[in-house]
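Structure, as structure tokens:
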Amino acid sequence: MICAACPPFPGPAAAFRVRLPAILPSLRHALAGLAALSLAAIAVAGEAPQAWVPGVLEMPADAEVLSDREIGSTVRMFSFSTAEDTGALLDTWEQALKENGYVIEQGTDELLEGAIEFSGEGIGNAKIVASPMPESGRNLVEFDATLR
């Protein structure tokens, strides 16, 4: 029996068409807040969000995390951008690593400016490389490490 006064049942998908657009602005605000909170935590603490990065390396206040990857149980990659002078930053980090028992390794390919290769507490080997990002006026800092 069909009722002429009742419209046909639109099905369960209609509920999503009505509700989803209504919650999208709230979802966008929540995600933006989470991203801002993550970056603020880095800026306030001055520490890398990764537990494997040596605690003696103080992160720049304006660090913006670009990538954070874990491959298997031992390989880690992490990068961020900063407006800080990376030459001075790497010099400070190299000194801090030396003073805290990390071994700095200089190979023939390490004669290039803008890189530190080291090993130590919990780290089999790691490399930090800094390079300019001309399109943004900032500098890219990349960490690659193999954990023990």
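The chains in the structure tokens are called A, B, ... from first to last as shown; in each chain the residues are counted from 1, and the ligands are counted from 1 in the order shown.
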Asp85 (chain A) surroundings by only C-alpha atoms, 12 Å radius, close-in-sequence under 4 positions cut, as a PyMOL selection string:
chain A and resi 60+62+81+89-92+114+130-132+137-141
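Taking CA of Thr86 (chain A) as the reference point, CA of Pro49 (chain A) is found at 19.1 Å.
Comparing the minimum interatomic distances between Ala83 (chain A) and each of A:Ala63, A:Ile71, A:Val103, A:Leu147, counting only C-alpha atoms, we find that A:Ala63 sits nearest.
Proximity of A:Glu121, A:Glu113, A:Glu64, A:Glu58 to Thr82 (chain A), computed with only C-alpha atoms, is greatest for A:Glu64.
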Using only C-alpha atoms, pick whichever of A:Trp93, A:Gln50, A:Ser79, A:Thr74 has the shortest atom-to-atom distance to Asn125 (chain A).
A:Thr74
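When CA of Gly124 (chain A) is paired with CA of Glu99 (chain A), their separation reads 18.0 Å.
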Where in region 42-87 of chain A does DSSP assign alpha helix (DSSP H), given as JSON, numbers by chain?
{"A": [42, 43, 44, 45, 86, 87]}
From the options A:Gly72, A:Gln106, A:Met77, A:Glu117, which residue's atoms come nearest to Ala145 (chain A), counting only C-alpha atoms?
A:Met77
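CA of Glu70 (chain A) sits 26.8 Å away from CA of Gly87 (chain A).
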Env of Ile116 (chain A): 8 Å cut, atoms = only C-alpha atoms, seq-sep filter 5 positions within chain, self excluded. Answer as a ChimeraX atom specification.
/A:90,94,104-106,110,127-129
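With only C-alpha atoms as the atoms that count, the residue of A:Ala88, A:Ala126, A:Ser136, A:Ser73 with the shortest distance to Pro54 (chain A) is A:Ala126.
Taking only C-alpha atoms into account, Ser67 (chain A) lies nearest to A:Phe80 out of the set A:Tyr102, A:Gly55, A:Ile123, A:Phe80.
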